[in-house]
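Chemist: Okay, handing you the structure first.
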Number of protein chains: 2
Amino acid sequence: MPVIKSQIRSGSYYDSAFLMNLQRSLAGLPGVQDAGVIMGTDANKELLAHIDLVSPEVNQAKPDDLVIVVRAEDAAAADAAIGQVDELLTRRKKSDSGDRHPQSLDSAVQMLPEAEWVLVSVAGRYAGNVARNALRQNKHVFLFSDNVPVEEEIALKNIAASKGLLVMGPDCGTAIIRGVGLGFANKVRLGPIGVVAAAGTGLQQVTSRIHQLGGCCSHGIGTCGRDLTEKVGAITFKMAIDALARDPETTVITLVSKPPAPKVADDVLKTALKAGKPVVVCFIGRAPTARRTDNLYFAGSLDEAAEISVELAKKGADAVEEVNVSAFAPGQKDLGGLFSGGTLAYEAQYILEGYVPKVWANAPLHKENKLPNSLVSQEHSIVDLGEDEFTVGRLHPMMDNELRVRRLLEEANDPSVAVIMLDVVIGYGSHPDPASELAPAVAKALEIARKAGRCLEVMAVVTGTDEDPQNLDAQINQMKAAGTWVSTSNEVVVRRVGSILRALNPAPEAAPEFKAKPVDLTTLQKTLAGINIGLESFAENLVAQGTPAVQVDWRPPAGGNDKLMSILERMKG
Amino acid sequence: MPVIKSQIRSGSYYDSAFLMNLQRSLAGLPGVQDAGVIMGTDANKELLAHIDLVSPEVNQAKPDDLVIVVRAEDAAAADAAIGQVDELLTRRKKSDSGDRHPQSLDSAVQMLPEAEWVLVSVAGRYAGNVARNALRQNKHVFLFSDNVPVEEEIALKNIAASKGLLVMGPDCGTAIIRGVGLGFANKVRLGPIGVVAAAGTGLQQVTSRIHQLGGCCSHGIGTCGRDLTEKVGAITFKMAIDALARDPETTVITLVSKPPAPKVADDVLKTALKAGKPVVVCFIGRAPTARRTDNLYFAGSLDEAAEISVELAKKGADAVEEVNVSAFAPGQKDLGGLFSGGTLAYEAQYILEGYVPKVWANAPLHKENKLPNSLVSQEHSIVDLGEDEFTVGRLHPMMDNELRVRRLLEEANDPSVAVIMLDVVIGYGSHPDPASELAPAVAKALEIARKAGRCLEVMAVVTGTDEDPQNLDAQINQMKAAGTWVSTSNEVVVRRVGSILRALNPAPEAAPEFKAKPVDLTTLQKTLAGINIGLESFAENLVAQGTPAVQVDWRPPAGGNDKLMSILERMKG
């Protein structure tokens with residue numbers, strides 16, 4: 001008949017690696033079937049009950065209590081095991097006594113003044129104060145500790161932002177700074193891809209896949225998932241994007257997170273749009289609505305994020321012509337899309353959702369965007385002239401351009417229209433030379449605008465092949481000669497249209513000011529040195545990577561007494 | 001002062017190419033400013049009003065009336081123009097009289113019995129009967145005509161399905177049969193990519209881009225957008241997928257459409273899953289939730305659909321191990337996912353949405369999937385053991401495998417569990433040799449299941465690089481040696497897990513029977529010959545492509561009288 005014995009110790013602090021070792025030692029004693037050594041939280045007590053390691057005493061334990069419990073073959077074995085706890089604890093302390101670790105962060109900073117990074121992995125209830133102390137010393141903080149309240153996180157990040165420092169965490173598992181891993185991190189070749197991740201194993205999986213695909217990483221900045229909630233407002237995430245945007249060694253930025261709150265996502269993407277380099281965006285669990293928007297590339301999975309990043313780092317992004325809208329007259333802001341192909345018109349509406357809030361259409365993507373009168377454009381409009389309403393007793397607009405030419409000139413006369421988009425679909429069945437009718441109309445439209453003191457951008461997708469009877473190149477050249485911007489990809493044309501429209505129609509609310517002080521890039525670029533407070537293995541891993549590191553022999557201040565700790569902290573304040 | 005004059009002709013039938021020519025002739029007469037020649041539908045009358053070609057007489061016109069209207073400099077010029085209408089009509093008839101076209105489909109079939117395809121582009125109100133007649137003659141129908149009622153479409157497609165014939169349309173702009181374009185189509189190299197499209201210019205854009213990227217197409221089967229509504233139920237779309245699945249010349253199938261009704265999308269994808277070859281799915285306007293599910297590859301745009309198709313045709317799909325679930329015992333159907341990495345657990349839930357209806361989790365993607373008790377799995381469950389609830393006073397599961405090993409054995413003892421998924425995350429900070437603890441646990445789990453007469457599939461993602469201290473290959477090999485299916489891609493492992501779960505948990509409603517008679521492949525494979533009823537240019541285009549074609553000199557039966565036409569049709573039965 002197995003016997004369970006337990007012991008509760010209040011007010012003791014041991015780190016979790018130590019507790020694991022104690023548990024294993026107890027479980028290995030003669031006659032012991034199982035052992036648990038753990039803090040007395042409700043979740044932990046449930047777990048002990050689940051594996052049949054429960055006693056009335058254990059049930060009484062408080063979250064701050066250390067619970068030691070064994071199940072043994074008989075009472076004698078159980079008593080013997082519990083009786084050895086003191087000795088096991090003492091043995092551990094003895095082996096500790098040999099080291100010469102500094103006892104405080106301040107002494108550690110004196111020992112290793114070049115360290116710009118402090119790693120914190122003490123228990124959550126102590127972590128905030130330790131991190132605050134590191135910020136006081138102007139150090140970036142890698143905050144591995146979990147169970148840190150969100151208010152504490154916000155307070156820390158506000159202090160950090162005012163000083164240009166990063167608080168990676170709390171609950172941040174992983175970071176890579178110039179090839180050196182902090183916390184849980186993989187060894188990845190140093191190179192041009194910089195990752196910002198609100199997702200610990202997301203960062204590990206993406207950087208590992210990048211490495212496996214032959215790619216290389218500059219930095220991997222973790223932020224913890226809560227950074228992208230509305231409460232925290234992506235303080236660290238945005239500072240990290242901004243730093244990588246300025247970092248000359250980073251040529252591609254990759255963002256990884258669970259889907260953020262919509263407002264925060266907006267804000268993050270606005271920061272990313274201004275990065276001036278390609279940014280791969282992977283919001284796991286939200287399907288990307290477009291492959292690409294300006295310099296943003298959207299990935300649907302961690303693997304895909306890695307693949308796109310490696311590809312972009314290798315080939316560079318497609319050259320994108322700069323969007324300059326200074327030539328347009330005041331009031332010019334709208335799109336007039338005049339399509340002969342329904343699918344092209346439909347895809348155009350879909351892609352434009354990434355750029356402007358609303359596009360009217362006679363064959364709309366969403367019924368609330370139905371153009372009240374198909375004959376009259378309003379705001380941004382896309383008209384499919386091949387819709388049934390236009391083709392009773394009339395040839396399809398791929399064969400007969402008359403209606404489109406009329407409409408094109410109407411759009412050109414509209415002072416609010418800035419961009420006209422057309423499709424020119426060639427092939428069997430279509431008009432034998434559509435550009436011969438459309439190109440002169442484009443020239444006339446541009447002339448109308450010019451005479452009225454306006455600028456007009458006419459952009460066309462030409463759909464067809466070099467084996468089509470019309471001669472694809474000749475069609476393209478005619479359109480270009482008349483002043484049309486042309487591509488054979490509908491997606492490429494629409495993206496360009498979208499970029500111009502976005503520039504002409506800035507969002508009503510000004511982009512929120514990025515109030516954080518920018519991170520000093522030299523702290524990211526110089527050889528890393530770190531101070532570690534908490535799990536010793538993190539310091540050992542820095543040393544294993546050839547990185548100078550100091551372990552602080554940390555003990556809770558005031559013996560872990562909350563009231564005294566708070567008084568001490570206020571005194572430092 | 002401009003003068004508008006008009007003339008209405010009732011009961012006349014002219015095809016729309018003829019009307020366009022008449023309009024252009026009138027507009028070119030001396031003193032004429034503008035001219036309209038059009039059927040008197042409301043939409044057309046609005047258009048005439050919009051371009052200032054309106055008169056009281058025009059406003060009275062009925063949809064079946066031919067409206068002829070001119071605006072001229074003065075009354076004399078307007079009268080002169082209208083006075084020439086008769087002569088212009090007669091001139092046209094004279095030029096017609098020289099040809100020797102057959103007057104009916106039946107005679108055309110006698111002239112060109114090898115023709116398997118009938119192209120129909122007469123006005124919508126006549127199109128149904130013409131198509132029905134072609135089906136009676138056992139011909140596939142390319143139905144370009146629009147303004148055909150949906151009830152007529154369903155009736156035609158039901159007849160066609162019972163005979164193994166395709167009705168492409170109505171309002172079908174484009175098809176390519178073994179390299180020969182019907183309607184509006186581009187000249188594309190003959191090769192292995194078969195496209196099915198409920199989107200005319202979608203088919204043109206995708207096949208053109210495939211060609212531009214160096215790819216080649218076998219067939220491009222158009223269906224019209226309405227085919228994918230619940231009413232029509234994708235009759236043609238599914239028959240086309242089935243035909244391309246059986247066609248040995250097609251190695252990749254590409255599907256293009258606007259997003260179908262969810263039920264229809266389900267049904268179409270079920271057909272595609274059974275194709276036995278890679279299928280690229282592009283539902284324009286709906287973001288794909290996964291890159292891939294079994295043999296389905298999801299594209300977010302027409303360009304991407306073309307790119308993926310060309311890639312697959314070139315390289316072939318990644319080899320996928322067959323899923324064979326016969327070894328599992330009855331009752332084995334569930335997943336137990338035991339993760340140390342939160343992001344990997346999160347991505348796994350997201351990808352599995354494409355395979356099973358619900359996955360429980362302690363850190364769920366959707367809050368309604370929250371596991372009631374994190375310590376106990378139920379149905380498909382994914383537990384992230386790195387969540388805060390498990391890590392108070394305990395090392396992270398990447399460092400300490402104890403909790404996961406316990407849980408792994410619990411899952412193995414559960415007779416409903418068929419698949420266990422693990423992540424093994426290596427790198428700095430992690431356990432120095434996690435596989436040394438996890439691999440023996442896997443072996444023990446497999447042994448537990450074996451002894452209980454069950455089969456168990458343990459699958460693991462190993463995250464890390466070849467430069468990590470643990471040695472990636474050694475970790476993988478240890479896991480494999482213990483009987484684990486391993487990949488370094490989370491996405492790849494989860495897809496495989498999903499395929500097994502789907503096979504073990506077939507959807508409650510049986511897949512709807514595909515009742516159509518299969519299309520006779522020889523009709524797709526033999527040299528195309530066609531019979532054209534309607535726009536003459538479509539026959540001319542067939543001839544230009546070296547394809548035998550007969551133009552039918554079609555006139556509405558019974559002079560276009562609805563009552564008489566319906567009696568005639570009933571007589572044919």
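FYI, nothing fancy with the structure tokens labels: chains A, B, ... in order, residues from 1 per chain, ligands from 1 as they appear.
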I need the strand (DSSP E or B) residues of stretch 398-473 of chain B per DSSP on the backbone, written as a list in words.

Modeler: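 Assigned to strand (DSSP E or B), within stretch 398-473 of chain B: Val417, Ala418, Val419, Ile420, Met421, Leu422, Asp423, Val424, Val425, Tyr428, Glu457, Val458, Met459, Ala460, Val461, Val462 and Thr463 of chain B.
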
Chemist: I need the chosen residues saved as a short mmCIF file (atom, residue, chain, number, x, y, z; two decimals), in the first residue's frame, with C-alpha atoms.

Modeler:
```cif
data_model
loop_
_atom_site.label_atom_id
_atom_site.label_comp_id
_atom_site.auth_asym_id
_atom_site.auth_seq_id
_atom_site.Cartn_x
_atom_site.Cartn_y
_atom_site.Cartn_z
CA VAL B 417 -5.66 8.27 -29.40
CA ALA B 418 -4.26 7.42 -32.84
CA VAL B 419 -1.66 10.13 -33.37
CA ILE B 420 0.68 11.86 -30.94
CA MET B 421 2.52 14.95 -32.12
CA LEU B 422 5.59 16.35 -30.37
CA ASP B 423 8.00 19.17 -30.96
CA VAL B 424 11.67 18.71 -30.18
CA VAL B 425 13.26 22.15 -29.98
CA TYR B 428 21.22 26.98 -26.84
CA GLU B 457 1.63 7.10 -34.91
CA VAL B 458 4.08 9.43 -33.17
CA MET B 459 5.13 12.40 -35.27
CA ALA B 460 7.60 15.09 -34.35
CA VAL B 461 8.93 18.37 -35.68
CA VAL B 462 12.57 18.84 -34.76
CA THR B 463 13.42 22.54 -34.71
#
```

Chemist: Could you state the separation of atom CA of B:Lys187 and atom CA of A:Ala482 in Å, given to one decimal place?

Modeler: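 Computed distance, atom CA of B:Lys187 to atom CA of A:Ala482, equals 26.1 Å.
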
Chemist: Neighbouring residues of A:Glu152 were defined as those with any atom within 7 Å, considering only C-alpha atoms; residues of the same chain fewer than 4 positions away were excluded. Please report them as a PyMOL selection string.

Modeler: chain A and resi 128+148+156

Chemist: Which of these, B:Thr271, B:Ser326, B:Ser416, B:Asn401, has the shortest distance to chain A once you count only C-alpha atoms?

Modeler: B:Asn401

Chemist: Need the shell around stretch 560-571 of chain B: protein/DNA/RNA residues with any atom at most 9 Å away, counting only C-alpha atoms. Skip same-chain ones fewer than 2 positions apart. Format as a VMD selection string?

Modeler: chain B and resid 11 to 13 126 129 555 to 558 573

Chemist: I need the residue nearest A:Leu504 from this list: A:His380, A:Arg24, A:Lys238, A:His50. Use only C-alpha atoms for the distance.

Modeler: A:His380

Chemist: Between atom CA of B:Val383 and atom CA of B:Glu410, what is the distance, to one decimal in Å?

Modeler: 13.1 Å

Chemist: Which neighbours of stretch 353-369 of chain A fall inside 6 Å, counting only C-alpha atoms, when residues of the same chain fewer than 4 positions from it are skipped, and could you give them as a PyMOL selection string?

Modeler: chain A and resi 374+380-383+498+502

Chemist: Would you kindly return, as a count of residues only, each protein, DNA or RNA residue with an atom no farther than 8 Å from any atom of A:Phe328, considering only C-alpha atoms and excluding same-chain residues fewer than 6 positions away?

Modeler: 4

Chemist: Any idea what the distance is between atom CA of A:Asn133 and atom CA of A:Lys517?

Modeler: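 Spanning atom CA of A:Asn133 to atom CA of A:Lys517 is a straight-line distance of 19.0 Å.
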